[in-house]
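Participant: Here you go, this is model.cif (mmCIF, C-alpha atoms).
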```
data_input
#
loop_
_atom_site.label_atom_id
_atom_site.label_comp_id
_atom_site.auth_asym_id
_atom_site.auth_seq_id
_atom_site.Cartn_x
_atom_site.Cartn_y
_atom_site.Cartn_z
CA MET E 75 -83.03 -77.38 -11.82
CA ALA E 76 -79.49 -77.30 -13.23
CA THR E 77 -76.63 -76.41 -10.93
CA GLU E 78 -73.90 -74.34 -12.52
CA LYS E 79 -70.45 -73.28 -11.44
CA ILE E 80 -67.60 -71.50 -13.21
CA ILE E 81 -64.00 -72.29 -12.27
CA LEU E 82 -61.06 -70.10 -13.28
CA GLY E 83 -57.71 -71.88 -13.31
CA ILE E 84 -54.47 -69.89 -13.25
CA ASP E 85 -50.87 -70.89 -13.94
CA PRO E 86 -49.02 -67.83 -12.62
CA GLY E 87 -45.76 -66.61 -14.10
CA THR E 88 -43.77 -63.45 -14.72
CA THR E 89 -43.05 -64.36 -18.35
CA VAL E 90 -46.40 -65.96 -19.21
CA MET E 91 -49.55 -66.30 -17.10
CA GLY E 92 -51.78 -69.07 -18.39
CA PHE E 93 -55.46 -69.31 -17.58
CA GLY E 94 -58.38 -71.55 -18.37
CA ILE E 95 -62.07 -71.44 -17.59
CA ILE E 96 -64.53 -74.29 -17.31
CA LYS E 97 -68.24 -74.31 -16.63
CA VAL E 98 -69.69 -77.14 -14.58
CA VAL E 99 -73.35 -77.94 -15.25
CA ASN E 100 -74.91 -80.83 -13.31
CA LYS E 101 -71.45 -82.22 -12.50
CA GLN E 102 -70.37 -82.14 -16.18
CA MET E 103 -67.36 -80.07 -17.30
CA HIS E 104 -67.60 -77.78 -20.31
CA PHE E 105 -64.70 -75.84 -21.82
CA VAL E 106 -65.20 -72.05 -21.88
CA GLN E 107 -61.86 -70.46 -22.69
CA MET E 108 -58.08 -70.66 -22.30
CA ASN E 109 -55.41 -68.15 -23.12
CA GLU E 110 -52.30 -66.54 -21.74
CA LEU E 111 -51.05 -63.14 -20.75
CA MET E 112 -47.68 -62.57 -22.42
CA LEU E 113 -45.35 -60.61 -20.14
CA LYS E 114 -41.96 -61.29 -21.72
CA LYS E 115 -41.84 -57.92 -23.51
CA TYR E 116 -42.01 -55.96 -20.24
CA ASP E 117 -38.76 -55.34 -18.38
CA ASP E 118 -40.16 -53.72 -15.24
CA PRO E 119 -41.22 -56.40 -12.71
CA TYR E 120 -43.83 -54.08 -11.17
CA THR E 121 -45.46 -53.51 -14.54
CA LYS E 122 -45.74 -57.29 -14.91
CA LEU E 123 -47.36 -57.63 -11.49
CA LYS E 124 -49.80 -54.81 -12.27
CA LEU E 125 -50.76 -56.49 -15.56
CA ILE E 126 -51.29 -59.86 -13.82
CA PHE E 127 -53.57 -58.20 -11.27
CA GLU E 128 -55.52 -56.27 -13.91
CA ARG E 129 -55.97 -59.27 -16.23
CA THR E 130 -57.12 -61.49 -13.36
CA VAL E 131 -59.67 -58.87 -12.24
CA GLU E 132 -60.82 -58.52 -15.87
CA LEU E 133 -61.33 -62.30 -16.12
CA ILE E 134 -63.29 -62.30 -12.86
CA ASP E 135 -65.46 -59.37 -13.94
CA THR E 136 -66.10 -60.94 -17.37
CA PHE E 137 -66.70 -64.60 -16.48
CA HIS E 138 -67.83 -64.31 -12.82
CA PRO E 139 -66.09 -67.46 -11.58
CA ASP E 140 -67.46 -69.05 -8.44
CA GLU E 141 -64.00 -70.35 -7.52
CA ILE E 142 -60.36 -69.93 -8.54
CA ALA E 143 -57.82 -72.75 -8.69
CA ILE E 144 -54.21 -71.60 -8.82
CA GLU E 145 -51.01 -73.53 -9.29
CA ALA E 146 -48.74 -73.13 -6.26
CA PRO E 147 -45.06 -72.33 -6.79
CA PHE E 148 -42.89 -75.43 -6.96
CA TYR E 149 -39.71 -75.63 -4.94
CA GLY E 150 -36.69 -75.25 -7.18
CA LYS E 151 -33.02 -74.49 -6.77
CA ASN E 152 -33.24 -70.93 -8.09
CA VAL E 153 -34.43 -68.77 -5.19
CA GLN E 154 -34.86 -65.66 -7.37
CA SER E 155 -37.17 -67.52 -9.75
CA MET E 156 -39.23 -68.81 -6.83
CA LEU E 157 -39.57 -65.31 -5.41
CA LYS E 158 -40.73 -63.93 -8.77
CA LEU E 159 -43.19 -66.79 -9.22
CA GLY E 160 -44.50 -66.32 -5.68
CA ARG E 161 -45.10 -62.63 -6.35
CA ALA E 162 -47.00 -63.44 -9.55
CA GLN E 163 -49.11 -65.99 -7.70
CA GLY E 164 -49.72 -63.57 -4.82
CA VAL E 165 -50.90 -60.81 -7.14
CA ALA E 166 -53.31 -63.18 -8.93
CA MET E 167 -54.59 -64.35 -5.53
CA ALA E 168 -55.01 -60.76 -4.35
CA ALA E 169 -57.12 -60.03 -7.44
CA GLY E 170 -59.42 -62.93 -6.58
CA LEU E 171 -59.57 -61.99 -2.93
CA SER E 172 -60.42 -58.39 -3.86
CA ARG E 173 -63.50 -59.73 -5.66
CA GLN E 174 -64.39 -62.19 -2.85
CA VAL E 175 -63.80 -65.26 -5.03
CA PRO E 176 -62.68 -68.34 -3.04
CA ILE E 177 -59.20 -69.56 -4.00
CA THR E 178 -57.62 -73.00 -3.73
CA GLU E 179 -53.93 -73.68 -4.38
CA TYR E 180 -52.69 -76.92 -5.93
CA MET E 181 -49.15 -78.19 -6.20
CA PRO E 182 -48.05 -78.87 -9.82
CA LYS E 183 -47.72 -82.63 -9.16
CA LYS E 184 -51.27 -82.77 -7.79
CA ILE E 185 -52.61 -81.04 -10.91
CA LYS E 186 -50.70 -83.41 -13.22
CA MET E 187 -51.88 -86.41 -11.20
CA ALA E 188 -55.52 -85.28 -11.42
CA ILE E 189 -55.33 -84.87 -15.19
CA THR E 190 -53.07 -87.72 -16.32
CA GLY E 191 -52.74 -90.06 -13.34
CA ASN E 192 -49.00 -89.28 -13.33
CA GLY E 193 -47.62 -86.54 -11.08
CA ASN E 194 -44.51 -86.31 -13.27
CA ALA E 195 -46.35 -85.91 -16.58
CA SER E 196 -45.00 -83.44 -19.15
CA LYS E 197 -46.83 -80.28 -20.23
CA GLU E 198 -47.53 -82.04 -23.54
CA GLN E 199 -49.09 -85.06 -21.83
CA VAL E 200 -51.31 -82.80 -19.70
CA ALA E 201 -52.37 -80.83 -22.79
CA LYS E 202 -53.22 -83.98 -24.78
CA MET E 203 -55.28 -85.39 -21.93
CA LEU E 204 -57.18 -82.10 -21.59
CA GLN E 205 -57.78 -82.12 -25.34
CA SER E 206 -59.33 -85.57 -25.04
CA MET E 207 -61.37 -84.82 -21.89
CA LEU E 208 -62.79 -81.50 -23.05
CA LYS E 209 -62.96 -82.36 -26.77
CA LEU E 210 -60.71 -79.46 -27.75
CA LYS E 211 -60.24 -79.22 -31.53
CA THR E 212 -56.73 -77.77 -31.31
CA LEU E 213 -54.10 -77.07 -28.70
CA PRO E 214 -52.30 -73.74 -28.33
CA LYS E 215 -48.62 -73.42 -29.24
CA ASN E 216 -47.87 -72.13 -25.76
CA LEU E 217 -48.91 -74.71 -23.16
CA ASP E 218 -49.12 -72.26 -20.25
CA SER E 219 -52.80 -71.80 -21.10
CA THR E 220 -53.41 -75.55 -20.86
CA ASP E 221 -51.64 -75.50 -17.48
CA GLY E 222 -54.16 -72.89 -16.30
CA LEU E 223 -56.99 -75.01 -17.68
CA ALA E 224 -55.51 -78.04 -15.90
CA ALA E 225 -55.71 -76.20 -12.56
CA ALA E 226 -59.44 -75.61 -13.13
CA VAL E 227 -60.04 -79.25 -14.10
CA CYS E 228 -58.01 -80.46 -11.10
CA HIS E 229 -60.24 -78.34 -8.85
CA PHE E 230 -63.35 -79.87 -10.43
CA TYR E 231 -62.04 -83.38 -9.73
CA ASN E 232 -61.09 -82.51 -6.15
CA GLU E 233 -64.42 -80.94 -5.17
CA GLY E 234 -65.89 -82.36 -2.01
CA ARG E 235 -62.61 -83.82 -0.84
CA VAL E 236 -61.54 -82.81 2.64
CA GLU E 237 -57.89 -82.14 1.81
CA VAL E 238 -57.63 -80.32 -1.52
CA GLY E 239 -55.01 -77.69 -0.82
CA LYS E 240 -54.89 -74.31 0.80
CA HIS E 241 -58.25 -72.58 0.53
CA TYR E 242 -59.08 -68.92 1.13
CA THR E 243 -62.54 -67.35 1.06
CA GLY E 244 -61.29 -63.78 1.37
CA TRP E 245 -58.50 -61.58 2.65
CA GLU E 246 -59.51 -62.18 6.28
CA ALA E 247 -59.22 -65.96 5.82
CA PHE E 248 -55.82 -65.57 4.13
CA VAL E 249 -54.49 -63.43 7.02
CA LYS E 250 -55.87 -65.87 9.60
CA GLN E 251 -54.19 -68.86 7.93
CA ASN E 252 -50.91 -67.03 7.21
CA PRO E 253 -50.17 -64.72 10.16
CA LYS E 254 -46.41 -64.72 9.50
CA LYS E 255 -46.86 -63.57 5.89
CA VAL E 256 -48.76 -60.41 6.84
CA LYS E 257 -47.57 -57.69 9.20
#
```
Could you write out this file's structure as structure tokens?
Facilitator:
Amino acid sequence: MATEKIILGIDPGTTVMGFGIIKVVNKQMHFVQMNELMLKKYDDPYTKLKLIFERTVELIDTFHPDEIAIEAPFYGKNVQSMLKLGRAQGVAMAAGLSRQVPITEYMPKKIKMAITGNGNASKEQVAKMLQSMLKLKTLPKNLDSTDGLAAAVCHFYNEGRVEVGKHYTGWEAFVKQNPKKVK
């Protein structure tokens, strides 16, 4: 009997949210889809967050992922950018939690390391490696979608490892692990 699992990978952002979906059958990865949600044309930050939530729920309801892998915000010098990115990530996570889909966060360097063997790899290097691994005919112009796909592939490679990143099975688990973030 074949074992199947669908993994949704998300690269959150307030300008572009990239996502990729893989199907795992008998421990073999198969490409399903990748795309991005373009948010640049919207000025209102709350409209962007609403669209991120709605698109993530739509992906969950359409593809029925068993797990979600999401890129964690990286620590940069621009605090405002980090706050915006954290909100985008939080909204995507809330969408998954609202549908009871387990979520695991991965740092960008961990994702790059899983795909290329180099935690400092460029977006282009990650995309080319994914193209080779998953036998993709073409790559998108915008590499945010390959970043989302990379999160899903990273999760596949890290399955069964004890320390893979922060993991939440639902809202209750999130609150329990992050008591200072919720009041």
Participant: Using only C-alpha atoms, which protein or nucleic acid residues come within 7 Å of range 223-228 of chain E? Drop anything in the same chain fewer than 4 positions from it, and give the result as a PyMOL selection string.
Facilitator: chain E and resi 81-84+93-96+108+143-145+185+188-189+219+232
Participant: So which one's closest to Arg161 in chain E, E:Pro182, E:Pro119, E:Pro139, E:Pro214? Using all atoms listed in the file, please.
Facilitator: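 That would be E:Pro119, the residue with the smallest distance to Arg161 in chain E.
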Participant: May I have the protein, DNA and RNA residues with an atom at most 7 Å from (-72.4, -76.9, -12.2), counting only C-alpha atoms in the file's coordinates, returned as a PyMOL selection string?
Facilitator: chain E and resi 77-79+97-102
Participant: Calculate how many Å separate CA of Thr136 in chain E from CA of Ile177 in chain E, rounding to one decimal.
Facilitator: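 CA of Thr136 in chain E sits 17.3 Å away from CA of Ile177 in chain E.
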Participant: Using the chain letters and numbers from the file, give me the residues hit by the PyMOL selection byres ((chain E and resi 197) around 9), as a list of chain:residue names.
Facilitator: E:Lys186, E:Ala195, E:Ser196, E:Glu198, E:Gln199, E:Val200, E:Ala201, E:Lys202, E:Leu217, E:Asp218, E:Thr220, E:Asp221
Participant: Just the number, please: distance in Å from CA of Gly222 in chain E to CA of Leu171 in chain E, one decimal.
Facilitator: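 For CA of Gly222 in chain E relative to CA of Leu171 in chain E, the distance reads 18.1 Å.
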Participant: Would you work out the distance separating CA of Thr130 in chain E from CA of Asn216 in chain E, expressed in Å to one decimal?
Facilitator: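 Atom-to-atom, CA of Thr130 in chain E and CA of Asn216 in chain E are spaced 18.8 Å apart.
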Participant: Decode the PyMOL selection byres ((chain E and resi 163) around 9) for the given file into explicit residues and return them as a list in words.
Facilitator: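 Answer for the PyMOL selection byres ((chain E and resi 163) around 9): Ile84, Asp85, Pro86, Gly87, Ile126, Ile144, Glu145, Ala146, Pro147, Lys158, Leu159, Gly160, Arg161, Ala162, Gly164, Val165, Ala166, Met167 and Ala168 of chain E.
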Participant: Step by step, gather every atom of range 173-182 of chain E that the file lists, find the box along x, y and z that holds them, add 8 Å on each side, and finally give centre and edge lengths in Å to one decimal, as JSON.
Facilitator:
```
{"center_x": -56.2, "center_y": -69.3, "center_z": -6.3, "size_x": 32.3, "size_y": 35.1, "size_z": 23.0}
```
Participant: Using only C-alpha atoms, can you tell me which of E:Met187, E:Leu123, E:Ile134, E:Glu141 comes closest to Glu233 in chain E?
Facilitator: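 That would be E:Glu141, the residue with the smallest distance to Glu233 in chain E.
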Participant: Given the choices E:Ala169, E:Ser206, E:Phe105, E:Phe137, which gets closest to Lys124 in chain E if the distance is worked out from only C-alpha atoms?
Facilitator: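 Once distances to Lys124 in chain E are computed over only C-alpha atoms, the minimum belongs to E:Ala169.
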Participant: My structure is short of atoms at range 112-142 of chain E; please model N, CA and C atoms there, returning them as a PDB file, keeping the file's coordinate frame.
Facilitator:
```pdb
ATOM      1  N   MET E 112     -49.098 -62.578 -22.081  1.00  0.00           N
ATOM      2  CA  MET E 112     -47.680 -62.570 -22.420  1.00  0.00           C
ATOM      3  C   MET E 112     -47.004 -61.373 -21.746  1.00  0.00           C
ATOM      4  N   LEU E 113     -46.008 -61.651 -20.921  1.00  0.00           N
ATOM      5  CA  LEU E 113     -45.350 -60.610 -20.140  1.00  0.00           C
ATOM      6  C   LEU E 113     -43.873 -60.448 -20.475  1.00  0.00           C
ATOM      7  N   LYS E 114     -43.384 -61.270 -21.377  1.00  0.00           N
ATOM      8  CA  LYS E 114     -41.960 -61.290 -21.720  1.00  0.00           C
ATOM      9  C   LYS E 114     -41.444 -59.938 -22.202  1.00  0.00           C
ATOM     10  N   LYS E 115     -42.292 -59.186 -22.908  1.00  0.00           N
ATOM     11  CA  LYS E 115     -41.840 -57.920 -23.510  1.00  0.00           C
ATOM     12  C   LYS E 115     -41.672 -56.796 -22.491  1.00  0.00           C
ATOM     13  N   TYR E 116     -42.125 -57.000 -21.262  1.00  0.00           N
ATOM     14  CA  TYR E 116     -42.010 -55.960 -20.240  1.00  0.00           C
ATOM     15  C   TYR E 116     -40.785 -56.227 -19.367  1.00  0.00           C
ATOM     16  N   ASP E 117     -39.967 -55.195 -19.194  1.00  0.00           N
ATOM     17  CA  ASP E 117     -38.760 -55.340 -18.380  1.00  0.00           C
ATOM     18  C   ASP E 117     -39.024 -55.078 -16.900  1.00  0.00           C
ATOM     19  N   ASP E 118     -39.905 -54.130 -16.622  1.00  0.00           N
ATOM     20  CA  ASP E 118     -40.160 -53.720 -15.240  1.00  0.00           C
ATOM     21  C   ASP E 118     -40.997 -54.773 -14.510  1.00  0.00           C
ATOM     22  N   PRO E 119     -40.476 -55.350 -13.418  1.00  0.00           N
ATOM     23  CA  PRO E 119     -41.220 -56.400 -12.710  1.00  0.00           C
ATOM     24  C   PRO E 119     -42.539 -55.895 -12.114  1.00  0.00           C
ATOM     25  N   TYR E 120     -42.594 -54.615 -11.757  1.00  0.00           N
ATOM     26  CA  TYR E 120     -43.830 -54.080 -11.170  1.00  0.00           C
ATOM     27  C   TYR E 120     -44.909 -53.884 -12.226  1.00  0.00           C
ATOM     28  N   THR E 121     -44.497 -53.590 -13.437  1.00  0.00           N
ATOM     29  CA  THR E 121     -45.460 -53.510 -14.540  1.00  0.00           C
ATOM     30  C   THR E 121     -46.074 -54.881 -14.780  1.00  0.00           C
ATOM     31  N   LYS E 122     -45.241 -55.922 -14.733  1.00  0.00           N
ATOM     32  CA  LYS E 122     -45.740 -57.290 -14.910  1.00  0.00           C
ATOM     33  C   LYS E 122     -46.762 -57.646 -13.837  1.00  0.00           C
ATOM     34  N   LEU E 123     -46.450 -57.320 -12.586  1.00  0.00           N
ATOM     35  CA  LEU E 123     -47.360 -57.630 -11.490  1.00  0.00           C
ATOM     36  C   LEU E 123     -48.684 -56.877 -11.638  1.00  0.00           C
ATOM     37  N   LYS E 124     -48.599 -55.627 -12.051  1.00  0.00           N
ATOM     38  CA  LYS E 124     -49.800 -54.810 -12.270  1.00  0.00           C
ATOM     39  C   LYS E 124     -50.664 -55.439 -13.368  1.00  0.00           C
ATOM     40  N   LEU E 125     -50.030 -55.874 -14.449  1.00  0.00           N
ATOM     41  CA  LEU E 125     -50.760 -56.490 -15.560  1.00  0.00           C
ATOM     42  C   LEU E 125     -51.410 -57.816 -15.148  1.00  0.00           C
ATOM     43  N   ILE E 126     -50.719 -58.602 -14.330  1.00  0.00           N
ATOM     44  CA  ILE E 126     -51.290 -59.860 -13.820  1.00  0.00           C
ATOM     45  C   ILE E 126     -52.537 -59.560 -12.996  1.00  0.00           C
ATOM     46  N   PHE E 127     -52.428 -58.576 -12.107  1.00  0.00           N
ATOM     47  CA  PHE E 127     -53.570 -58.200 -11.270  1.00  0.00           C
ATOM     48  C   PHE E 127     -54.743 -57.742 -12.136  1.00  0.00           C
ATOM     49  N   GLU E 128     -54.460 -56.828 -13.064  1.00  0.00           N
ATOM     50  CA  GLU E 128     -55.520 -56.270 -13.910  1.00  0.00           C
ATOM     51  C   GLU E 128     -56.194 -57.331 -14.779  1.00  0.00           C
ATOM     52  N   ARG E 129     -55.397 -58.231 -15.359  1.00  0.00           N
ATOM     53  CA  ARG E 129     -55.970 -59.270 -16.230  1.00  0.00           C
ATOM     54  C   ARG E 129     -56.823 -60.241 -15.413  1.00  0.00           C
ATOM     55  N   THR E 130     -56.352 -60.574 -14.208  1.00  0.00           N
ATOM     56  CA  THR E 130     -57.120 -61.490 -13.360  1.00  0.00           C
ATOM     57  C   THR E 130     -58.450 -60.855 -12.957  1.00  0.00           C
ATOM     58  N   VAL E 131     -58.425 -59.581 -12.584  1.00  0.00           N
ATOM     59  CA  VAL E 131     -59.670 -58.870 -12.240  1.00  0.00           C
ATOM     60  C   VAL E 131     -60.592 -58.820 -13.459  1.00  0.00           C
ATOM     61  N   GLU E 132     -60.020 -58.569 -14.630  1.00  0.00           N
ATOM     62  CA  GLU E 132     -60.820 -58.520 -15.870  1.00  0.00           C
ATOM     63  C   GLU E 132     -61.492 -59.876 -16.136  1.00  0.00           C
ATOM     64  N   LEU E 133     -60.750 -60.964 -15.934  1.00  0.00           N
ATOM     65  CA  LEU E 133     -61.330 -62.300 -16.120  1.00  0.00           C
ATOM     66  C   LEU E 133     -62.464 -62.550 -15.126  1.00  0.00           C
ATOM     67  N   ILE E 134     -62.257 -62.129 -13.890  1.00  0.00           N
ATOM     68  CA  ILE E 134     -63.290 -62.300 -12.860  1.00  0.00           C
ATOM     69  C   ILE E 134     -64.531 -61.483 -13.210  1.00  0.00           C
ATOM     70  N   ASP E 135     -64.326 -60.244 -13.612  1.00  0.00           N
ATOM     71  CA  ASP E 135     -65.460 -59.370 -13.940  1.00  0.00           C
ATOM     72  C   ASP E 135     -66.190 -59.815 -15.208  1.00  0.00           C
ATOM     73  N   THR E 136     -65.484 -60.469 -16.116  1.00  0.00           N
ATOM     74  CA  THR E 136     -66.100 -60.940 -17.370  1.00  0.00           C
ATOM     75  C   THR E 136     -66.822 -62.271 -17.198  1.00  0.00           C
ATOM     76  N   PHE E 137     -66.168 -63.234 -16.549  1.00  0.00           N
ATOM     77  CA  PHE E 137     -66.700 -64.600 -16.480  1.00  0.00           C
ATOM     78  C   PHE E 137     -67.384 -64.942 -15.158  1.00  0.00           C
ATOM     79  N   HIS E 138     -67.201 -64.118 -14.139  1.00  0.00           N
ATOM     80  CA  HIS E 138     -67.830 -64.310 -12.820  1.00  0.00           C
ATOM     81  C   HIS E 138     -67.607 -65.716 -12.263  1.00  0.00           C
ATOM     82  N   PRO E 139     -66.335 -66.115 -12.117  1.00  0.00           N
ATOM     83  CA  PRO E 139     -66.090 -67.460 -11.580  1.00  0.00           C
ATOM     84  C   PRO E 139     -66.579 -67.574 -10.138  1.00  0.00           C
ATOM     85  N   ASP E 140     -67.043 -68.764  -9.811  1.00  0.00           N
ATOM     86  CA  ASP E 140     -67.460 -69.050  -8.440  1.00  0.00           C
ATOM     87  C   ASP E 140     -66.258 -69.414  -7.584  1.00  0.00           C
ATOM     88  N   GLU E 141     -65.205 -69.927  -8.230  1.00  0.00           N
ATOM     89  CA  GLU E 141     -64.000 -70.350  -7.520  1.00  0.00           C
ATOM     90  C   GLU E 141     -62.793 -70.182  -8.439  1.00  0.00           C
ATOM     91  N   ILE E 142     -61.630 -70.014  -7.805  1.00  0.00           N
ATOM     92  CA  ILE E 142     -60.360 -69.930  -8.540  1.00  0.00           C
ATOM     93  C   ILE E 142     -59.452 -71.045  -8.047  1.00  0.00           C
TER      94      ILE E 142
END
```
